[in-house]
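What follows is the content of protein.txt, which has compact mmCIF, N, CA and C atoms:
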# COMPACT_ATOMS: atom_id res chain seq x y z
N MET L 1 -49.81 31.52 -5.54
CA MET L 1 -49.85 31.62 -4.11
C MET L 1 -48.76 32.59 -3.66
N GLN L 2 -49.12 33.53 -2.80
CA GLN L 2 -48.18 34.53 -2.33
C GLN L 2 -47.25 33.94 -1.28
N GLU L 3 -46.01 34.35 -1.33
CA GLU L 3 -45.03 33.90 -0.35
C GLU L 3 -45.24 34.65 0.96
N GLU L 4 -45.31 33.92 2.05
CA GLU L 4 -45.43 34.54 3.37
C GLU L 4 -44.09 35.15 3.75
N PRO L 5 -44.11 36.29 4.43
CA PRO L 5 -42.83 36.86 4.84
C PRO L 5 -42.22 36.04 5.94
N SER L 6 -40.92 35.98 5.95
CA SER L 6 -40.22 35.34 7.05
C SER L 6 -39.04 36.24 7.38
N PHE L 7 -38.39 35.97 8.45
CA PHE L 7 -37.34 36.84 8.91
C PHE L 7 -36.15 36.03 9.33
N ARG L 8 -34.98 36.59 9.08
CA ARG L 8 -33.78 36.00 9.63
C ARG L 8 -33.76 36.35 11.11
N GLU L 9 -32.84 35.78 11.82
CA GLU L 9 -32.75 36.03 13.26
C GLU L 9 -32.63 37.52 13.53
N GLY L 10 -33.34 38.01 14.53
CA GLY L 10 -33.29 39.42 14.91
C GLY L 10 -31.93 39.78 15.46
N VAL L 11 -31.52 41.00 15.24
CA VAL L 11 -30.24 41.51 15.72
C VAL L 11 -30.53 42.71 16.59
N ARG L 12 -30.02 42.72 17.82
CA ARG L 12 -30.21 43.86 18.72
C ARG L 12 -29.44 45.06 18.16
N VAL L 13 -30.06 46.24 18.22
CA VAL L 13 -29.42 47.46 17.76
C VAL L 13 -29.43 48.50 18.86
N GLY L 14 -28.68 49.55 18.66
CA GLY L 14 -28.64 50.63 19.65
C GLY L 14 -27.46 50.45 20.59
N ARG L 15 -27.31 51.43 21.46
CA ARG L 15 -26.24 51.39 22.44
C ARG L 15 -26.75 50.85 23.75
N SER L 16 -25.95 50.09 24.42
CA SER L 16 -26.29 49.62 25.75
C SER L 16 -26.11 50.75 26.73
N SER L 17 -27.03 50.88 27.67
CA SER L 17 -26.92 51.94 28.67
C SER L 17 -25.74 51.71 29.60
N THR L 18 -25.16 50.52 29.57
CA THR L 18 -24.01 50.22 30.42
C THR L 18 -22.69 50.51 29.72
N ASP L 19 -22.71 50.84 28.44
CA ASP L 19 -21.48 51.16 27.73
C ASP L 19 -20.89 52.45 28.29
N ALA L 20 -19.64 52.40 28.70
CA ALA L 20 -18.99 53.59 29.25
C ALA L 20 -18.79 54.63 28.15
N ALA L 21 -18.19 54.24 27.07
CA ALA L 21 -17.96 55.16 25.96
C ALA L 21 -18.21 54.40 24.68
N PRO L 22 -19.00 54.99 23.77
CA PRO L 22 -19.25 54.28 22.53
C PRO L 22 -17.97 54.13 21.72
N ALA L 23 -17.85 53.01 21.05
CA ALA L 23 -16.70 52.79 20.17
C ALA L 23 -16.93 53.64 18.93
N ALA L 24 -16.73 53.09 17.77
CA ALA L 24 -16.97 53.83 16.54
C ALA L 24 -18.46 54.10 16.41
N ARG L 25 -18.83 55.35 16.16
CA ARG L 25 -20.25 55.70 16.03
C ARG L 25 -20.74 55.41 14.63
N ALA L 26 -21.96 54.92 14.56
CA ALA L 26 -22.60 54.74 13.26
C ALA L 26 -23.35 56.02 12.99
N SER L 27 -22.81 56.87 12.12
CA SER L 27 -23.45 58.16 11.87
C SER L 27 -23.41 58.47 10.38
N VAL L 28 -24.15 59.48 10.02
CA VAL L 28 -24.22 59.88 8.63
C VAL L 28 -24.14 61.40 8.57
N ALA L 29 -23.43 61.92 7.58
CA ALA L 29 -23.38 63.36 7.39
C ALA L 29 -24.60 63.77 6.59
N ILE L 30 -25.24 64.84 7.00
CA ILE L 30 -26.43 65.30 6.31
C ILE L 30 -26.39 66.81 6.22
N GLY L 31 -26.90 67.35 5.16
CA GLY L 31 -26.93 68.80 4.98
C GLY L 31 -26.35 69.18 3.63
N PHE L 32 -26.40 70.44 3.35
CA PHE L 32 -25.88 70.95 2.09
C PHE L 32 -24.90 72.07 2.41
N GLY L 33 -23.89 72.17 1.69
CA GLY L 33 -22.90 73.21 1.89
C GLY L 33 -21.84 73.10 0.82
N SER L 34 -20.89 73.95 0.90
CA SER L 34 -19.80 73.93 -0.05
C SER L 34 -18.93 72.72 0.20
N PRO L 35 -18.54 72.00 -0.85
CA PRO L 35 -17.64 70.87 -0.64
C PRO L 35 -16.32 71.30 -0.01
N ALA L 36 -15.94 72.57 -0.19
CA ALA L 36 -14.69 73.07 0.37
C ALA L 36 -14.87 73.56 1.80
N ASN L 37 -16.10 73.62 2.27
CA ASN L 37 -16.38 74.19 3.58
C ASN L 37 -17.27 73.23 4.35
N ASP L 38 -16.95 72.99 5.60
CA ASP L 38 -17.76 72.08 6.42
C ASP L 38 -19.03 72.73 6.95
N SER L 39 -19.23 74.01 6.74
CA SER L 39 -20.42 74.65 7.30
C SER L 39 -21.67 74.06 6.67
N GLY L 40 -22.69 73.86 7.48
CA GLY L 40 -23.94 73.29 6.99
C GLY L 40 -23.99 71.79 7.07
N VAL L 41 -22.88 71.14 7.45
CA VAL L 41 -22.87 69.69 7.57
C VAL L 41 -22.92 69.32 9.04
N THR L 42 -23.88 68.48 9.39
CA THR L 42 -24.07 68.06 10.77
C THR L 42 -23.96 66.55 10.85
N ARG L 43 -23.31 66.04 11.88
CA ARG L 43 -23.22 64.60 12.10
C ARG L 43 -24.42 64.16 12.92
N LEU L 44 -25.12 63.14 12.47
CA LEU L 44 -26.27 62.61 13.17
C LEU L 44 -26.01 61.15 13.51
N ASP L 45 -26.39 60.74 14.69
CA ASP L 45 -26.26 59.35 15.10
C ASP L 45 -27.62 58.68 14.93
N LEU L 46 -27.70 57.71 14.03
CA LEU L 46 -28.98 57.05 13.77
C LEU L 46 -29.52 56.30 14.99
N ASN L 47 -28.65 55.87 15.89
CA ASN L 47 -29.13 55.26 17.13
C ASN L 47 -29.95 56.26 17.92
N ASP L 48 -29.48 57.51 18.00
CA ASP L 48 -30.20 58.54 18.74
C ASP L 48 -31.53 58.88 18.06
N ILE L 49 -31.57 58.83 16.75
CA ILE L 49 -32.76 59.22 16.00
C ILE L 49 -33.81 58.09 15.94
N LEU L 50 -33.37 56.87 15.73
CA LEU L 50 -34.29 55.77 15.44
C LEU L 50 -34.59 54.83 16.60
N VAL L 51 -33.70 54.73 17.57
CA VAL L 51 -33.84 53.73 18.62
C VAL L 51 -34.31 54.39 19.91
N ARG L 52 -35.54 54.06 20.32
CA ARG L 52 -36.10 54.61 21.55
C ARG L 52 -35.72 53.77 22.76
N SER L 53 -35.71 52.48 22.61
CA SER L 53 -35.46 51.55 23.72
C SER L 53 -34.32 50.62 23.32
N PRO L 54 -33.07 51.03 23.57
CA PRO L 54 -31.93 50.23 23.09
C PRO L 54 -31.94 48.77 23.53
N GLN L 55 -32.39 48.49 24.74
CA GLN L 55 -32.38 47.11 25.24
C GLN L 55 -33.51 46.27 24.65
N ALA L 56 -34.47 46.90 23.98
CA ALA L 56 -35.64 46.17 23.47
C ALA L 56 -35.82 46.34 21.96
N THR L 57 -34.81 46.86 21.27
CA THR L 57 -34.94 47.12 19.84
C THR L 57 -34.10 46.14 19.04
N PHE L 58 -34.73 45.60 17.99
CA PHE L 58 -34.09 44.60 17.15
C PHE L 58 -34.25 45.00 15.69
N LEU L 59 -33.39 44.45 14.86
CA LEU L 59 -33.40 44.70 13.42
C LEU L 59 -33.64 43.38 12.71
N MET L 60 -34.60 43.37 11.77
CA MET L 60 -34.88 42.17 10.98
C MET L 60 -34.99 42.55 9.51
N ARG L 61 -34.68 41.61 8.64
CA ARG L 61 -34.86 41.81 7.20
C ARG L 61 -36.15 41.12 6.79
N VAL L 62 -37.00 41.82 6.04
CA VAL L 62 -38.30 41.31 5.61
C VAL L 62 -38.12 40.46 4.36
N GLU L 63 -38.84 39.37 4.31
CA GLU L 63 -38.93 38.54 3.11
C GLU L 63 -40.41 38.40 2.78
N GLY L 64 -40.80 38.69 1.56
CA GLY L 64 -42.19 38.58 1.15
C GLY L 64 -42.78 39.95 0.86
N ASP L 65 -43.99 39.95 0.31
CA ASP L 65 -44.59 41.22 -0.12
C ASP L 65 -45.96 41.49 0.52
N SER L 66 -46.24 40.87 1.66
CA SER L 66 -47.56 41.05 2.25
C SER L 66 -47.80 42.45 2.81
N MET L 67 -46.75 43.26 3.00
CA MET L 67 -46.91 44.61 3.54
C MET L 67 -46.50 45.68 2.54
N ARG L 68 -46.49 45.35 1.27
CA ARG L 68 -46.00 46.28 0.25
C ARG L 68 -46.80 47.58 0.19
N ASP L 69 -48.12 47.53 0.37
CA ASP L 69 -48.92 48.75 0.30
C ASP L 69 -48.75 49.63 1.55
N ALA L 70 -48.05 49.12 2.55
CA ALA L 70 -47.70 49.92 3.73
C ALA L 70 -46.27 50.46 3.59
N GLY L 71 -45.65 50.20 2.43
CA GLY L 71 -44.31 50.70 2.18
C GLY L 71 -43.20 49.80 2.68
N ILE L 72 -43.53 48.57 3.06
CA ILE L 72 -42.52 47.62 3.52
C ILE L 72 -42.41 46.53 2.46
N ASP L 73 -41.27 46.49 1.81
CA ASP L 73 -41.06 45.58 0.68
C ASP L 73 -40.08 44.47 1.02
N ASP L 74 -40.07 43.45 0.18
CA ASP L 74 -39.14 42.35 0.30
C ASP L 74 -37.71 42.91 0.34
N GLY L 75 -36.93 42.49 1.33
CA GLY L 75 -35.55 42.93 1.45
C GLY L 75 -35.35 44.15 2.35
N ASP L 76 -36.43 44.84 2.72
CA ASP L 76 -36.30 45.99 3.62
C ASP L 76 -35.87 45.53 5.00
N LEU L 77 -35.21 46.43 5.71
CA LEU L 77 -34.89 46.21 7.12
C LEU L 77 -35.94 46.91 7.95
N VAL L 78 -36.38 46.29 9.03
CA VAL L 78 -37.32 46.94 9.94
C VAL L 78 -36.74 46.94 11.35
N LEU L 79 -36.96 48.04 12.05
CA LEU L 79 -36.63 48.13 13.47
C LEU L 79 -37.87 47.75 14.25
N ILE L 80 -37.70 46.86 15.21
CA ILE L 80 -38.81 46.40 16.04
C ILE L 80 -38.51 46.77 17.48
N ASP L 81 -39.45 47.47 18.10
CA ASP L 81 -39.30 47.86 19.50
C ASP L 81 -40.24 47.00 20.33
N ARG L 82 -39.67 46.15 21.16
CA ARG L 82 -40.47 45.25 22.00
C ARG L 82 -41.00 45.95 23.24
N ALA L 83 -40.55 47.18 23.50
CA ALA L 83 -41.02 47.91 24.68
C ALA L 83 -42.30 48.69 24.39
N VAL L 84 -42.66 48.85 23.12
CA VAL L 84 -43.87 49.57 22.74
C VAL L 84 -45.07 48.64 22.92
N THR L 85 -46.11 49.13 23.57
CA THR L 85 -47.34 48.34 23.73
C THR L 85 -48.08 48.32 22.40
N PRO L 86 -48.32 47.13 21.84
CA PRO L 86 -49.03 47.05 20.55
C PRO L 86 -50.45 47.60 20.67
N ALA L 87 -50.84 48.41 19.69
CA ALA L 87 -52.18 49.00 19.67
C ALA L 87 -52.78 48.85 18.28
N HIS L 88 -54.09 49.03 18.21
CA HIS L 88 -54.81 48.96 16.93
C HIS L 88 -54.12 49.87 15.91
N GLY L 89 -53.83 49.32 14.74
CA GLY L 89 -53.23 50.09 13.66
C GLY L 89 -51.72 50.00 13.58
N HIS L 90 -51.06 49.51 14.63
CA HIS L 90 -49.61 49.36 14.57
C HIS L 90 -49.23 48.24 13.60
N VAL L 91 -48.11 48.43 12.91
CA VAL L 91 -47.51 47.33 12.16
C VAL L 91 -46.68 46.57 13.18
N VAL L 92 -46.90 45.26 13.23
CA VAL L 92 -46.27 44.44 14.26
C VAL L 92 -45.55 43.24 13.64
N ILE L 93 -44.66 42.69 14.42
CA ILE L 93 -44.10 41.37 14.14
C ILE L 93 -44.80 40.43 15.10
N ALA L 94 -45.41 39.39 14.56
CA ALA L 94 -46.14 38.42 15.38
C ALA L 94 -45.57 37.03 15.12
N VAL L 95 -45.79 36.16 16.06
CA VAL L 95 -45.41 34.75 15.89
C VAL L 95 -46.71 33.98 15.66
N VAL L 96 -46.82 33.40 14.47
CA VAL L 96 -47.99 32.61 14.09
C VAL L 96 -47.49 31.25 13.63
N GLU L 97 -47.95 30.21 14.31
CA GLU L 97 -47.53 28.85 14.00
C GLU L 97 -46.00 28.75 13.96
N GLN L 98 -45.36 29.35 14.94
CA GLN L 98 -43.91 29.32 15.14
C GLN L 98 -43.13 30.00 14.03
N GLU L 99 -43.77 30.91 13.30
CA GLU L 99 -43.11 31.69 12.25
C GLU L 99 -43.36 33.17 12.52
N PHE L 100 -42.34 34.00 12.23
CA PHE L 100 -42.53 35.45 12.31
C PHE L 100 -43.30 35.93 11.10
N VAL L 101 -44.27 36.82 11.32
CA VAL L 101 -44.99 37.47 10.22
C VAL L 101 -45.07 38.96 10.55
N CYS L 102 -45.15 39.75 9.51
CA CYS L 102 -45.30 41.21 9.65
C CYS L 102 -46.68 41.57 9.11
N ARG L 103 -47.50 42.20 9.96
CA ARG L 103 -48.86 42.59 9.58
C ARG L 103 -49.30 43.80 10.40
N ARG L 104 -50.39 44.41 10.00
CA ARG L 104 -51.01 45.49 10.77
C ARG L 104 -51.97 44.87 11.77
N LEU L 105 -51.86 45.28 13.03
CA LEU L 105 -52.72 44.77 14.10
C LEU L 105 -54.06 45.47 14.06
N VAL L 106 -55.13 44.68 13.95
CA VAL L 106 -56.49 45.22 13.92
C VAL L 106 -57.22 44.67 15.13
N LYS L 107 -57.68 45.60 15.98
CA LYS L 107 -58.39 45.22 17.22
C LYS L 107 -59.81 45.77 17.20
N GLN L 108 -60.49 45.67 16.08
CA GLN L 108 -61.89 46.09 15.98
C GLN L 108 -62.69 44.82 15.74
N GLY L 109 -63.59 44.54 16.66
CA GLY L 109 -64.31 43.27 16.58
C GLY L 109 -63.34 42.16 16.92
N ASP L 110 -63.17 41.22 16.01
CA ASP L 110 -62.20 40.14 16.23
C ASP L 110 -60.79 40.65 16.00
N LEU L 111 -59.86 40.13 16.77
CA LEU L 111 -58.45 40.44 16.59
C LEU L 111 -57.97 39.79 15.30
N ARG L 112 -57.22 40.55 14.50
CA ARG L 112 -56.66 39.97 13.28
C ARG L 112 -55.38 40.68 12.90
N LEU L 113 -54.62 40.04 12.07
CA LEU L 113 -53.39 40.61 11.52
C LEU L 113 -53.66 40.85 10.04
N GLN L 114 -53.69 42.12 9.66
CA GLN L 114 -54.12 42.51 8.33
C GLN L 114 -52.92 42.72 7.41
N ALA L 115 -52.98 42.08 6.25
CA ALA L 115 -51.96 42.27 5.23
C ALA L 115 -52.18 43.61 4.53
N ALA L 116 -51.12 44.17 4.00
CA ALA L 116 -51.21 45.41 3.23
C ALA L 116 -50.95 45.09 1.76
N ASN L 117 -51.55 44.02 1.32
CA ASN L 117 -51.47 43.56 -0.06
C ASN L 117 -52.76 42.77 -0.29
N PRO L 118 -53.62 43.24 -1.21
CA PRO L 118 -54.91 42.56 -1.40
C PRO L 118 -54.81 41.09 -1.82
N ALA L 119 -53.65 40.69 -2.33
CA ALA L 119 -53.48 39.29 -2.76
C ALA L 119 -53.11 38.37 -1.60
N VAL L 120 -52.89 38.93 -0.41
CA VAL L 120 -52.48 38.13 0.75
C VAL L 120 -53.60 38.17 1.79
N ALA L 121 -53.99 37.01 2.26
CA ALA L 121 -55.08 36.91 3.24
C ALA L 121 -54.64 37.42 4.61
N ASP L 122 -55.61 38.00 5.33
CA ASP L 122 -55.37 38.39 6.71
C ASP L 122 -55.25 37.14 7.56
N ILE L 123 -54.66 37.28 8.73
CA ILE L 123 -54.54 36.18 9.66
C ILE L 123 -55.52 36.42 10.80
N VAL L 124 -56.46 35.50 10.97
CA VAL L 124 -57.44 35.59 12.06
C VAL L 124 -57.25 34.34 12.90
N PRO L 125 -56.77 34.51 14.14
CA PRO L 125 -56.54 33.31 14.96
C PRO L 125 -57.85 32.59 15.27
N ALA L 126 -57.82 31.28 15.18
CA ALA L 126 -58.99 30.46 15.51
C ALA L 126 -59.20 30.50 17.02
N GLU L 127 -60.40 30.18 17.43
CA GLU L 127 -60.72 30.17 18.86
C GLU L 127 -59.74 29.27 19.61
N GLY L 128 -59.16 29.80 20.66
CA GLY L 128 -58.21 29.05 21.47
C GLY L 128 -56.80 29.03 20.92
N GLU L 129 -56.61 29.53 19.70
CA GLU L 129 -55.28 29.55 19.09
C GLU L 129 -54.49 30.72 19.66
N GLY L 130 -53.28 30.46 20.06
CA GLY L 130 -52.43 31.51 20.61
C GLY L 130 -51.86 32.41 19.52
N LEU L 131 -51.73 33.66 19.86
CA LEU L 131 -51.13 34.62 18.94
C LEU L 131 -50.21 35.50 19.77
N GLU L 132 -48.93 35.51 19.43
CA GLU L 132 -47.97 36.31 20.18
C GLU L 132 -47.54 37.51 19.34
N ILE L 133 -47.78 38.70 19.88
CA ILE L 133 -47.26 39.91 19.24
C ILE L 133 -45.84 40.07 19.79
N TRP L 134 -44.86 39.93 18.94
CA TRP L 134 -43.46 39.91 19.35
C TRP L 134 -42.92 41.32 19.55
N GLY L 135 -43.36 42.27 18.72
CA GLY L 135 -42.89 43.64 18.84
C GLY L 135 -43.57 44.54 17.82
N VAL L 136 -43.35 45.84 17.96
CA VAL L 136 -43.96 46.84 17.08
C VAL L 136 -42.89 47.38 16.14
N VAL L 137 -43.21 47.42 14.85
CA VAL L 137 -42.30 47.98 13.85
C VAL L 137 -42.34 49.50 13.97
N THR L 138 -41.19 50.10 14.19
CA THR L 138 -41.11 51.56 14.32
C THR L 138 -40.51 52.24 13.11
N THR L 139 -39.71 51.50 12.33
CA THR L 139 -39.01 52.08 11.19
C THR L 139 -38.79 51.03 10.13
N ALA L 140 -38.94 51.42 8.87
CA ALA L 140 -38.56 50.56 7.75
C ALA L 140 -37.43 51.25 7.00
N ILE L 141 -36.39 50.50 6.69
CA ILE L 141 -35.22 51.03 6.00
C ILE L 141 -35.12 50.34 4.65
N LYS L 142 -35.10 51.13 3.60
CA LYS L 142 -35.05 50.62 2.24
C LYS L 142 -33.66 50.76 1.64
N SER L 143 -33.28 49.79 0.83
CA SER L 143 -32.07 49.92 0.04
C SER L 143 -32.47 50.46 -1.32
N MET L 144 -31.68 51.34 -1.84
CA MET L 144 -31.95 51.93 -3.15
C MET L 144 -31.10 51.21 -4.20
N THR L 145 -31.64 51.08 -5.38
CA THR L 145 -30.91 50.46 -6.48
C THR L 145 -29.81 51.42 -6.93
N VAL L 146 -28.61 50.90 -6.97
CA VAL L 146 -27.47 51.71 -7.42
C VAL L 146 -26.71 51.01 -8.51

How does the structure come out when it is put into C-alpha cells?
Amino acid sequence: MQEEPSFREGVRVGRSSTDAAPAARASVAIGFGSPANDSGVTRLDLNDILVRSPQATFLMRVEGDSMRDAGIDDGDLVLIDRAVTPAHGHVVIAVVEQEFVCRRLVKQGDLRLQAANPAVADIVPAEGEGLEIWGVVTTAIKSMTV
C-alpha cells in the first residue's frame, strides 16, 4: 500500500509589503567568472524570482511519492500560492478528509485529483463530499545528495 503524502505545517514565505527595509536578504550568487574577479557574478533574491504573492505564499515539505512522475518527490519543498485560481492541470494542495494531499487537478468530466504515480489511486470526491483546493503549487525545490 502506497503512503499518502502529508505535510508539516505551512510556513509563509516572501517579504511583507509592509516591511520598511528587508533585514538579511536570502539570496544566491549565480554566474561564472574568475574566482579572483567579481565580474559575471550577480546576486539574485529568490523571493523576487519565486514568490508572486507574498501574503498568500506558503512553503511545505512533501511526504510520500504520489507525485513522483511530476517531479515532486518525498522530502521536496513546494511553494504554494493561495492567490492563484486553481485550473485544470495545475498541481494543487487540497484538503481531503482533513488531510493535505498534493495532486494534479483534473476538471474534465468529473472533478478529480490525479496522482502522478500509477501505483497511487486518484481521488474522486463522492457526491456531496466537500473538496477544498487549498492552493496551487508554483515551485518544487529539491535537495541534492551531497

For this session: Grab the atom C of Arg103 (chain L) to atom N of Ala116 (chain L) distance for me, in Å with one decimal place.
Result: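 Those two atoms sit 6.7 Å apart.
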
Exercise. Expressed in Å to a single decimal, how great is the separation between atom N of Lys107 (chain L) and CA of Ile49 (chain L)?
Worked result: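 If I compute the distance from atom N of Lys107 (chain L) to CA of Ile49 (chain L), I get 28.4 Å.
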
For this session: Calculate how many Å separate atom C of Thr139 (chain L) from atom C of Pro86 (chain L), rounding to one decimal.
Result: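 Interatomic distance here is 16.1 Å.
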
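Across L:Val62, L:Ala70, L:Ile93, L:Val84, the tightest approach to Asn117 (chain L) is made by L:Ala70 when counting only C-alpha atoms.
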
Axis-aligned box for region 109-127 of chain L, 8 Å per side, centre and edges in Å as JSON:
{"center_x": -57.6, "center_y": 37.3, "center_z": 8.4, "size_x": 29.4, "size_y": 32.1, "size_z": 38.4}

Exercise. Hey, what's within 8 Å of Thr85 (chain L) if we count all atoms listed in the file and toss same-chain stuff fewer than 4 positions away? As a PyMOL selection string, please?
Worked result: chain L and resi 81+135-136

Output file for the selection above: N, CA and C atoms, as an mmCIF file, in the frame of the given file:
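And here's part.cif as it stands now:
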data_model
loop_
_atom_site.group_PDB
_atom_site.id
_atom_site.type_symbol
_atom_site.label_atom_id
_atom_site.label_comp_id
_atom_site.auth_asym_id
_atom_site.auth_seq_id
_atom_site.Cartn_x
_atom_site.Cartn_y
_atom_site.Cartn_z
ATOM 1 N N ASP L 81 -39.450 47.470 18.100
ATOM 2 C CA ASP L 81 -39.300 47.860 19.500
ATOM 3 C C ASP L 81 -40.240 47.000 20.330
ATOM 4 N N GLY L 135 -43.360 42.270 18.720
ATOM 5 C CA GLY L 135 -42.890 43.640 18.840
ATOM 6 C C GLY L 135 -43.570 44.540 17.820
ATOM 7 N N VAL L 136 -43.350 45.840 17.960
ATOM 8 C CA VAL L 136 -43.960 46.840 17.080
ATOM 9 C C VAL L 136 -42.890 47.380 16.140
#

For this session: Would you mind telling me which residue in L:Ile141, L:Val124, L:Val78, L:Val106 lies nearest to His90 (chain L) when using only N, CA and C atoms?
Result: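 Closest residue, counting only N, CA and C atoms: L:Val106.
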
For this session: Can you work out which one of L:Val92, L:Met60, L:Val137, L:Leu111 has the shortest atom-to-atom distance to Pro125 (chain L), counting only N, CA and C atoms?
Result: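 Closest to Pro125 (chain L) of all the choices is L:Leu111.
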
For this session: Among the residues of region 39-121 of chain L, find those DSSP assigns to strand (DSSP E) from the backbone and print them as a PyMOL selection string.
Result: chain L and resi 42-45+57-63+77-81+91-96+99-106+112-114

Exercise. Nearest to Pro118 (chain L) among L:Leu59, L:Ala83, L:Leu131, L:Met67, with distances taken over only C-alpha atoms: which residue is it?
Worked result: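 Among the listed residues, the smallest separation from Pro118 (chain L) belongs to L:Met67.
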
Expected answer as a PDB file with N, CA and C atoms, in the frame of the given file: all residues with atoms within 7 Å of (-44.0, 36.6, 18.1), all atoms listed in the file:
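Contents of the output file selection28.pdb:
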ATOM      1  N   ILE L  93     -44.660  42.690  14.420  1.00  0.00           N
ATOM      2  CA  ILE L  93     -44.100  41.370  14.140  1.00  0.00           C
ATOM      3  C   ILE L  93     -44.800  40.430  15.100  1.00  0.00           C
ATOM      4  N   ALA L  94     -45.410  39.390  14.560  1.00  0.00           N
ATOM      5  CA  ALA L  94     -46.140  38.420  15.380  1.00  0.00           C
ATOM      6  C   ALA L  94     -45.570  37.030  15.120  1.00  0.00           C
ATOM      7  N   VAL L  95     -45.790  36.160  16.060  1.00  0.00           N
ATOM      8  CA  VAL L  95     -45.410  34.750  15.890  1.00  0.00           C
ATOM      9  C   VAL L  95     -46.710  33.980  15.660  1.00  0.00           C
ATOM     10  N   VAL L  96     -46.820  33.400  14.470  1.00  0.00           N
ATOM     11  CA  VAL L  96     -47.990  32.610  14.090  1.00  0.00           C
ATOM     12  C   VAL L  96     -47.490  31.250  13.630  1.00  0.00           C
ATOM     13  N   GLU L  99     -43.770  30.910  13.300  1.00  0.00           N
ATOM     14  CA  GLU L  99     -43.110  31.690  12.250  1.00  0.00           C
ATOM     15  C   GLU L  99     -43.360  33.170  12.520  1.00  0.00           C
ATOM     16  N   PHE L 100     -42.340  34.000  12.230  1.00  0.00           N
ATOM     17  CA  PHE L 100     -42.530  35.450  12.310  1.00  0.00           C
ATOM     18  C   PHE L 100     -43.300  35.930  11.100  1.00  0.00           C
ATOM     19  N   VAL L 101     -44.270  36.820  11.320  1.00  0.00           N
ATOM     20  CA  VAL L 101     -44.990  37.470  10.220  1.00  0.00           C
ATOM     21  C   VAL L 101     -45.070  38.960  10.550  1.00  0.00           C
ATOM     22  N   LEU L 131     -51.730  33.660  19.860  1.00  0.00           N
ATOM     23  CA  LEU L 131     -51.130  34.620  18.940  1.00  0.00           C
ATOM     24  C   LEU L 131     -50.210  35.500  19.770  1.00  0.00           C
ATOM     25  N   GLU L 132     -48.930  35.510  19.430  1.00  0.00           N
ATOM     26  CA  GLU L 132     -47.970  36.310  20.180  1.00  0.00           C
ATOM     27  C   GLU L 132     -47.540  37.510  19.340  1.00  0.00           C
ATOM     28  N   ILE L 133     -47.780  38.700  19.880  1.00  0.00           N
ATOM     29  CA  ILE L 133     -47.260  39.910  19.240  1.00  0.00           C
ATOM     30  C   ILE L 133     -45.840  40.070  19.790  1.00  0.00           C
ATOM     31  N   TRP L 134     -44.860  39.930  18.940  1.00  0.00           N
ATOM     32  CA  TRP L 134     -43.460  39.910  19.350  1.00  0.00           C
ATOM     33  C   TRP L 134     -42.920  41.320  19.550  1.00  0.00           C
ATOM     34  N   GLY L 135     -43.360  42.270  18.720  1.00  0.00           N
ATOM     35  CA  GLY L 135     -42.890  43.640  18.840  1.00  0.00           C
ATOM     36  C   GLY L 135     -43.570  44.540  17.820  1.00  0.00           C
TER      37      GLY L 135
END

For this session: Choose the residue, out of L:Ala56, L:Cys102, L:Leu50, L:Val120, that has the smallest atom-to-atom separation from Arg82 (chain L); count only N, CA and C atoms.
Result: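 Nearest to Arg82 (chain L): L:Ala56.
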